[in-house]
Amino acid sequence: MERNSSRRSFLKGSALTGAAYVLGRRVLARPNPLSVIVVGAGAFGGWTALELLRKGAKVVLVEAWGPGNSRASSGGETRIIRATYGPSRIYTQMAAQALRLWQENEQRWGLKLFFPTGVLWMTGKDDSYERAALPLLRDAGVRLEKLAASDCAKRWPQIKFDEISWSIYEPDFGFLAARRCCEAVFNAFLKEGGEYRQAQAAPGRITGNRMEGIILTPGESLTADAYVFACGPWLGTVFSFLASLIRATRQEVFFLGTAAGDVRFTDAQLPVWIDNSRRGEHFYYGIPGNHWRGFKIADDTRGPVVDPTTMERQISAAGLAAARRYVSMRFPGLADAPLLESRVCQYENSADQNFILDRHPEAANVWIVGGGSGHGFKHGPAIGKLVSDAVLGIKAPPAEFLLGRLVK
Ligand SMILES: Cc1cc2nc3c(=O)[nH]c(=O)nc-3n(C[C@H](O)[C@H](O)[C@H](O)COP(=O)(O)OP(=O)(O)OC[C@H]3O[C@@H](n4cnc5c(N)ncnc54)[C@H](O)[C@@H]3O)c2cc1C
């Protein structure tokens, strides 16, 4: 079974990487395709399973409660897809790639999953993050407009731009219909030949640097050549050595109702918006009303650590009051808007908020994928490409996502 790991074993894992890629190519060249079990059918696991299948692997997807279920970090109605990522080249490029892939696949499936409302990223006095983003956005081929607050106010009079110095507007980005995306990826996986098991999986015994299999509740074992654990906020319970590296935090989301006939706060007239003007204090973002649902608003500030299995998902009075204060200030037309719906979700935060994509330090045939840290959903298709390339020995994962960086 899985044991605690030291920095030495992480480094040992990385040192194995080169040799294992050669092995990966050899395995791929075999007449029998590589068999892979992917545990978790959220944005990361679902896309990984589909991409592995498309690259010729035989894939079984194991999921405890279903793709995009109500406990999963990928559950819920909508997620933002934007490319502004401050000084991070890797996320800027991945977001641009992911947008293309979402669009290609929705066309292939004949579904509407992506909604190009545009994304308005507002900045305040300290605009270093946004200034760092601009050249990277241009390098990644992302169309953008740099707008003064006065221009924004003319264009979107329903927003009050107090304390905003300027904004980045990404006209080609917007939001994804999250739960429906998970379902679409899952249906494509089944249609393209994948096998699905609804069960809870636990890692099996590791001997000679390989995991022998996984154990499904209530006791059946499954074996494959390789295993991918994309268990989102559960990664720290599945592997105890990850408990201090990935923490699930409680996050509240509110949906407010507009006046009858008022479309100023819907996707007909408002882009997705992100307010970075009070970084460090709070970081509100939202998605305009869509599909006749409410105006979504949430604070990205990390909440208390929670257990994603047992957490009661009820919003707090304090969270709602804070959201209302913010809305009254930034969207005065919604000051008296009633709460229509709410959600309590969790972020699966890695210690540095960056993704994790690496081998298990003690088992070369096991991959750990996660650490979406509140911004992972959009990247699902790009993650699927990276993980499938890594598992099949086509390309090593980016250094930014290796576990060793988190182990001091
Ligand atoms: C409120 C909120 C707002 C967000 N907003 C955005 C946004 O606007 N844009 C964006 O890009 N990202 C956003 N995110 C982040 C993003 O949704 C997540 O980073 C991403 O969905 C994580 O996907 P995942 O596949 O790693 O995890 P999950 O979706 O949690 O998937 C893990 C899956 O593994 C299954 N599982 C776990 N353990 C086991 C086991 N032992 N056996 C079998 N199955 C198991 C679970 O049931 C689950 O379905 C937001 C997240 C939240 C909570």
# chains A, B, ... in the order shown; residues from 1 in each chain; ligands from 1
>>> select_by_dssp(residues="region 264-396 of chain A", states="alpha helix (DSSP H)", output="PyMOL selection string")
chain A and resi 317-330+380-391
>>> write_last_selection(atoms="N, CA and C atoms", output="tab-separated table (two decimals), in the first residue's frame")
chain	number	residue	atom	x	y	z
A	317	ALA	N	-24.38	33.38	6.37
A	317	ALA	CA	-24.99	34.72	6.33
A	317	ALA	C	-23.90	35.77	6.08
A	318	ALA	N	-22.72	35.54	6.67
A	318	ALA	CA	-21.63	36.52	6.52
A	318	ALA	C	-21.17	36.59	5.06
A	319	GLY	N	-21.08	35.42	4.41
A	319	GLY	CA	-20.64	35.38	3.01
A	319	GLY	C	-21.63	36.11	2.11
A	320	LEU	N	-22.92	35.89	2.35
A	320	LEU	CA	-23.94	36.54	1.54
A	320	LEU	C	-23.93	38.05	1.77
A	321	ALA	N	-23.79	38.45	3.04
A	321	ALA	CA	-23.78	39.90	3.34
A	321	ALA	C	-22.59	40.57	2.66
A	322	ALA	N	-21.43	39.92	2.67
A	322	ALA	CA	-20.23	40.50	2.04
A	322	ALA	C	-20.44	40.61	0.53
A	323	ALA	N	-21.03	39.58	-0.07
A	323	ALA	CA	-21.28	39.60	-1.52
A	323	ALA	C	-22.24	40.73	-1.86
A	324	ARG	N	-23.26	40.93	-1.02
A	324	ARG	CA	-24.23	42.00	-1.27
A	324	ARG	C	-23.57	43.38	-1.17
A	325	ARG	N	-22.68	43.55	-0.17
A	325	ARG	CA	-21.99	44.84	-0.05
A	325	ARG	C	-21.19	45.12	-1.31
A	326	TYR	N	-20.52	44.08	-1.79
A	326	TYR	CA	-19.71	44.24	-2.99
A	326	TYR	C	-20.60	44.59	-4.19
A	327	VAL	N	-21.69	43.85	-4.36
A	327	VAL	CA	-22.59	44.07	-5.49
A	327	VAL	C	-23.15	45.49	-5.47
A	328	SER	N	-23.54	45.97	-4.28
A	328	SER	CA	-24.09	47.33	-4.18
A	328	SER	C	-23.08	48.36	-4.65
A	329	MET	N	-21.80	48.10	-4.35
A	329	MET	CA	-20.76	49.03	-4.73
A	329	MET	C	-20.46	48.95	-6.25
A	330	ARG	N	-20.33	47.74	-6.79
A	330	ARG	CA	-19.86	47.59	-8.18
A	330	ARG	C	-21.01	47.50	-9.19
A	380	GLY	N	-9.14	21.87	-18.72
A	380	GLY	CA	-9.38	20.44	-18.86
A	380	GLY	C	-8.80	19.81	-20.13
A	381	PRO	N	-9.17	20.31	-21.33
A	381	PRO	CA	-8.67	19.68	-22.55
A	381	PRO	C	-7.15	19.79	-22.71
A	382	ALA	N	-6.58	20.89	-22.24
A	382	ALA	CA	-5.11	21.03	-22.33
A	382	ALA	C	-4.43	20.08	-21.35
A	383	ILE	N	-5.02	19.92	-20.18
A	383	ILE	CA	-4.50	18.97	-19.19
A	383	ILE	C	-4.56	17.55	-19.76
A	384	GLY	N	-5.69	17.23	-20.40
A	384	GLY	CA	-5.84	15.90	-21.00
A	384	GLY	C	-4.70	15.60	-21.97
A	385	LYS	N	-4.31	16.59	-22.76
A	385	LYS	CA	-3.19	16.41	-23.71
A	385	LYS	C	-1.89	16.16	-22.94
A	386	LEU	N	-1.65	16.99	-21.91
A	386	LEU	CA	-0.38	16.87	-21.16
A	386	LEU	C	-0.29	15.51	-20.46
A	387	VAL	N	-1.40	15.10	-19.82
A	387	VAL	CA	-1.34	13.86	-19.03
A	387	VAL	C	-1.21	12.65	-19.97
A	388	SER	N	-1.98	12.64	-21.05
A	388	SER	CA	-1.90	11.49	-21.95
A	388	SER	C	-0.50	11.40	-22.57
A	389	ASP	N	0.09	12.54	-22.92
A	389	ASP	CA	1.46	12.53	-23.44
A	389	ASP	C	2.43	11.95	-22.41
A	390	ALA	N	2.24	12.34	-21.15
A	390	ALA	CA	3.15	11.87	-20.10
A	390	ALA	C	2.98	10.37	-19.87
A	391	VAL	N	1.74	9.93	-19.75
A	391	VAL	CA	1.48	8.51	-19.44
A	391	VAL	C	1.98	7.61	-20.59
>>> select_by_dssp(residues="region 343-374 of chain A", states="strand (DSSP E or B)", output="count of residues only")
21
>>> atom_distance(atom1="CA of Val272 (chain A)", atom2="CA of Tyr285 (chain A)")
7.9 Å
>>> closest_atom_pairs(of="region 162-181 of chain A", to="region 74-81 of chain A", cutoff="8 Å", atoms="only C-alpha atoms", output="Markdown table")
| residue | atom | partner | partner_atom | distance |
| --- | --- | --- | --- | --- |
| A:Phe173 | CA | A:Ile81 | CA | 6.0 |
| A:Gly174 | CA | A:Ile81 | CA | 5.5 |
| A:Phe175 | CA | A:Ile80 | CA | 4.4 |
| A:Leu176 | CA | A:Arg79 | CA | 5.2 |
| A:Ala177 | CA | A:Thr78 | CA | 4.6 |
| A:Ala178 | CA | A:Thr78 | CA | 4.7 |
| A:Arg179 | CA | A:Gly75 | CA | 5.4 |
| A:Arg180 | CA | A:Glu77 | CA | 7.7 |
>>> residues_around(residues="Ile164 (chain A)", least_positions_apart="3", cutoff="9 Å", atoms="only C-alpha atoms", output="list of chain:residue names")
A:Met122, A:Thr123, A:Gly124, A:Lys125, A:Ala148, A:Ala149, A:Lys160, A:Phe161, A:Ser167, A:Asp275, A:Asn276, A:Ser277
>>> write_last_selection(atoms="N, CA and C atoms", output="JSON list (two decimals), in the first residue's frame")
[["chain", "number", "residue", "atom", "x", "y", "z"],
["A", 122, "MET", "N", -10.63, 43.56, -14.48],
["A", 122, "MET", "CA", -10.45, 44.93, -13.98],
["A", 122, "MET", "C", -9.28, 45.00, -13.00],
["A", 123, "THR", "N", -8.49, 46.06, -13.11],
["A", 123, "THR", "CA", -7.36, 46.21, -12.19],
["A", 123, "THR", "C", -7.43, 47.55, -11.46],
["A", 124, "GLY", "N", -6.67, 47.61, -10.36],
["A", 124, "GLY", "CA", -6.69, 48.83, -9.54],
["A", 124, "GLY", "C", -5.37, 49.56, -9.60],
["A", 125, "LYS", "N", -4.97, 50.13, -8.45],
["A", 125, "LYS", "CA", -3.74, 50.92, -8.40],
["A", 125, "LYS", "C", -2.52, 50.06, -8.71],
["A", 148, "ALA", "N", -9.32, 51.97, -20.82],
["A", 148, "ALA", "CA", -9.31, 52.88, -19.67],
["A", 148, "ALA", "C", -10.65, 52.74, -18.94],
["A", 149, "ALA", "N", -10.64, 53.03, -17.63],
["A", 149, "ALA", "CA", -11.88, 52.89, -16.85],
["A", 149, "ALA", "C", -13.00, 53.76, -17.44],
["A", 160, "LYS", "N", -20.06, 50.02, -12.01],
["A", 160, "LYS", "CA", -19.46, 51.27, -11.50],
["A", 160, "LYS", "C", -17.95, 51.02, -11.37],
["A", 161, "PHE", "N", -17.16, 51.83, -12.06],
["A", 161, "PHE", "CA", -15.73, 51.53, -12.14],
["A", 161, "PHE", "C", -14.90, 52.28, -11.09],
["A", 167, "SER", "N", -8.66, 48.11, -17.67],
["A", 167, "SER", "CA", -9.09, 46.72, -17.77],
["A", 167, "SER", "C", -8.51, 46.04, -19.01],
["A", 275, "ASP", "N", -12.66, 41.13, -10.81],
["A", 275, "ASP", "CA", -12.25, 42.39, -10.19],
["A", 275, "ASP", "C", -10.99, 42.17, -9.34],
["A", 276, "ASN", "N", -9.87, 42.58, -9.89],
["A", 276, "ASN", "CA", -8.59, 42.40, -9.20],
["A", 276, "ASN", "C", -8.12, 43.70, -8.56],
["A", 277, "SER", "N", -9.07, 44.63, -8.32],
["A", 277, "SER", "CA", -8.64, 45.95, -7.84],
["A", 277, "SER", "C", -8.28, 45.96, -6.36]]
>>> residues_around(residues="Gly204 (chain A)", least_positions_apart="5", cutoff="12 Å", atoms="only C-alpha atoms", output="PyMOL selection string")
chain A and resi 1-3+210-216+219-224+227+238-239+363+366
>>> residues_near_ligand(ligand="ligand 1", cutoff="6 Å", atoms="only C-alpha atoms and all ligand atoms", output="MDAnalysis selection string")
chainID A and resid 39:45 62:69 72:74 79:81 199:202 230:234 238 251 253 345:347 370 372:378
>>> write_last_selection(atoms="C-alpha atoms", output="PDB file, in the first residue's frame")
ATOM      1  CA  VAL A  39      -9.713   7.396 -11.283  1.00  0.00           C
ATOM      2  CA  GLY A  40     -11.950  10.501 -11.213  1.00  0.00           C
ATOM      3  CA  ALA A  41     -14.138  11.876 -14.015  1.00  0.00           C
ATOM      4  CA  GLY A  42     -13.959  15.605 -13.273  1.00  0.00           C
ATOM      5  CA  ALA A  43     -12.492  18.149 -15.700  1.00  0.00           C
ATOM      6  CA  PHE A  44      -8.994  16.685 -15.290  1.00  0.00           C
ATOM      7  CA  GLY A  45      -9.777  12.942 -15.232  1.00  0.00           C
ATOM      8  CA  VAL A  62     -13.546   4.797 -12.377  1.00  0.00           C
ATOM      9  CA  GLU A  63     -15.666   7.412 -10.628  1.00  0.00           C
ATOM     10  CA  ALA A  64     -17.282   7.377  -7.190  1.00  0.00           C
ATOM     11  CA  TRP A  65     -20.355   9.583  -7.791  1.00  0.00           C
ATOM     12  CA  GLY A  66     -20.432  10.354 -11.524  1.00  0.00           C
ATOM     13  CA  PRO A  67     -18.837  12.926 -13.879  1.00  0.00           C
ATOM     14  CA  GLY A  68     -19.308  16.514 -12.626  1.00  0.00           C
ATOM     15  CA  ASN A  69     -21.283  15.289  -9.603  1.00  0.00           C
ATOM     16  CA  ALA A  72     -16.905  17.359  -7.319  1.00  0.00           C
ATOM     17  CA  SER A  73     -14.968  20.579  -7.865  1.00  0.00           C
ATOM     18  CA  SER A  74     -16.123  20.383 -11.504  1.00  0.00           C
ATOM     19  CA  ARG A  79     -16.938  28.170 -15.108  1.00  0.00           C
ATOM     20  CA  ILE A  80     -14.955  31.098 -16.468  1.00  0.00           C
ATOM     21  CA  ILE A  81     -12.493  30.588 -19.287  1.00  0.00           C
ATOM     22  CA  ALA A 199     -17.131   2.813  -7.706  1.00  0.00           C
ATOM     23  CA  GLN A 200     -14.766   4.185  -5.127  1.00  0.00           C
ATOM     24  CA  ALA A 201     -11.160   3.248  -5.870  1.00  0.00           C
ATOM     25  CA  ALA A 202      -8.233   2.862  -3.487  1.00  0.00           C
ATOM     26  CA  ALA A 230      -7.335  12.578 -10.889  1.00  0.00           C
ATOM     27  CA  CYS A 231      -9.279  12.708  -7.634  1.00  0.00           C
ATOM     28  CA  GLY A 232      -9.487  16.499  -7.255  1.00  0.00           C
ATOM     29  CA  PRO A 233      -9.946  17.537  -3.601  1.00  0.00           C
ATOM     30  CA  TRP A 234      -9.811  13.860  -2.531  1.00  0.00           C
ATOM     31  CA  VAL A 238      -6.381   8.767  -1.474  1.00  0.00           C
ATOM     32  CA  GLN A 251     -16.113  28.347  -1.404  1.00  0.00           C
ATOM     33  CA  VAL A 253     -21.259  31.057  -4.854  1.00  0.00           C
ATOM     34  CA  CYS A 345     -18.137  24.070  -3.586  1.00  0.00           C
ATOM     35  CA  GLN A 346     -14.483  23.518  -2.741  1.00  0.00           C
ATOM     36  CA  TYR A 347     -11.201  24.436  -4.335  1.00  0.00           C
ATOM     37  CA  GLY A 370      -4.834  17.697  -9.760  1.00  0.00           C
ATOM     38  CA  GLY A 372      -6.685  22.879  -9.961  1.00  0.00           C
ATOM     39  CA  SER A 373      -6.654  25.448  -7.120  1.00  0.00           C
ATOM     40  CA  GLY A 374      -9.777  27.334  -8.172  1.00  0.00           C
ATOM     41  CA  HIS A 375      -8.707  27.810 -11.799  1.00  0.00           C
ATOM     42  CA  GLY A 376      -8.443  24.324 -13.287  1.00  0.00           C
ATOM     43  CA  PHE A 377     -11.707  23.731 -15.122  1.00  0.00           C
ATOM     44  CA  LYS A 378     -11.021  25.757 -18.251  1.00  0.00           C
TER      45      LYS A 378
END
>>> atom_distance(atom1="CA of Glu195 (chain A)", atom2="CA of Trp47 (chain A)")
14.1 Å
>>> residues_around(residues="Leu144 (chain A)", least_positions_apart="4", cutoff="7 Å", atoms="only C-alpha atoms", output="number ranges by chain")
A: 168-171
>>> write_last_selection(atoms="N, CA and C atoms", output="PDB file, in the first residue's frame")
ATOM      1  N   ILE A 168      -8.388  44.729 -18.901  1.00  0.00           N
ATOM      2  CA  ILE A 168      -8.089  43.909 -20.084  1.00  0.00           C
ATOM      3  C   ILE A 168      -9.416  43.279 -20.493  1.00  0.00           C
ATOM      4  N   TYR A 169      -9.780  43.440 -21.745  1.00  0.00           N
ATOM      5  CA  TYR A 169     -11.000  42.789 -22.243  1.00  0.00           C
ATOM      6  C   TYR A 169     -10.594  41.726 -23.255  1.00  0.00           C
ATOM      7  N   GLU A 170     -10.986  40.481 -22.979  1.00  0.00           N
ATOM      8  CA  GLU A 170     -10.686  39.356 -23.893  1.00  0.00           C
ATOM      9  C   GLU A 170     -11.992  39.028 -24.626  1.00  0.00           C
ATOM     10  N   PRO A 171     -12.163  39.517 -25.860  1.00  0.00           N
ATOM     11  CA  PRO A 171     -13.466  39.344 -26.520  1.00  0.00           C
ATOM     12  C   PRO A 171     -13.783  37.901 -26.906  1.00  0.00           C
TER      13      PRO A 171
END
>>> residues_around(residues="region 263-266 of chain A", least_positions_apart="2", cutoff="8 Å", atoms="only C-alpha atoms", output="PyMOL selection string")
chain A and resi 158+258+261+268-270+288-290+295
>>> write_last_selection(atoms="C-alpha atoms", output="PDB file, in the first residue's frame")
ATOM      1  CA  GLN A 158     -24.316  48.840 -15.428  1.00  0.00           C
ATOM      2  CA  THR A 258     -32.678  40.749 -11.798  1.00  0.00           C
ATOM      3  CA  GLY A 261     -37.416  42.172 -18.262  1.00  0.00           C
ATOM      4  CA  ALA A 268     -26.908  39.544 -23.644  1.00  0.00           C
ATOM      5  CA  GLN A 269     -25.245  42.717 -22.344  1.00  0.00           C
ATOM      6  CA  LEU A 270     -22.579  41.887 -19.785  1.00  0.00           C
ATOM      7  CA  PRO A 288     -23.727  37.252 -16.108  1.00  0.00           C
ATOM      8  CA  GLY A 289     -27.184  35.695 -15.975  1.00  0.00           C
ATOM      9  CA  ASN A 290     -27.551  32.954 -18.569  1.00  0.00           C
ATOM     10  CA  PHE A 295     -26.236  36.654 -11.975  1.00  0.00           C
TER      11      PHE A 295
END
>>> atom_distance(atom1="CA of Phe401 (chain A)", atom2="CA of Cys182 (chain A)")
23.0 Å
>>> residues_around(residues="Ser88 (chain A)", least_positions_apart="4", cutoff="10 Å", atoms="only C-alpha atoms", output="PDB file with C-alpha atoms, in the first residue's frame")
ATOM      1  CA  THR A  84      -5.123  36.666 -18.347  1.00  0.00           C
ATOM      2  CA  THR A  92      -1.723  31.792 -20.634  1.00  0.00           C
ATOM      3  CA  GLN A  93      -0.746  29.360 -23.383  1.00  0.00           C
ATOM      4  CA  TYR A 129      -0.132  41.473 -12.527  1.00  0.00           C
ATOM      5  CA  ALA A 132       2.896  41.311 -16.820  1.00  0.00           C
ATOM      6  CA  ALA A 133       0.016  39.534 -18.556  1.00  0.00           C
ATOM      7  CA  LEU A 136       2.190  36.913 -22.739  1.00  0.00           C
ATOM      8  CA  LEU A 137      -1.363  37.270 -24.013  1.00  0.00           C
TER       9      LEU A 137
END
>>> closest_residue(among="A:Leu392, A:Leu403, A:Ile368, A:Val36", to="Leu61 (chain A)", atoms="only C-alpha atoms")
A:Val36
>>> closest_residue(among="A:Leu113, A:Gln314, A:Ala96, A:Ser128", to="His379 (chain A)", atoms="only C-alpha atoms")
A:Ala96
>>> closest_residue(among="A:Arg279, A:Lys408, A:Arg247, A:Arg359", to="Glu130 (chain A)", atoms="only C-alpha atoms")
A:Arg279
>>> closest_residue(among="A:Pro87, A:Pro203, A:Pro157, A:Gly236", to="Ala248 (chain A)", atoms="only C-alpha atoms")
A:Gly236
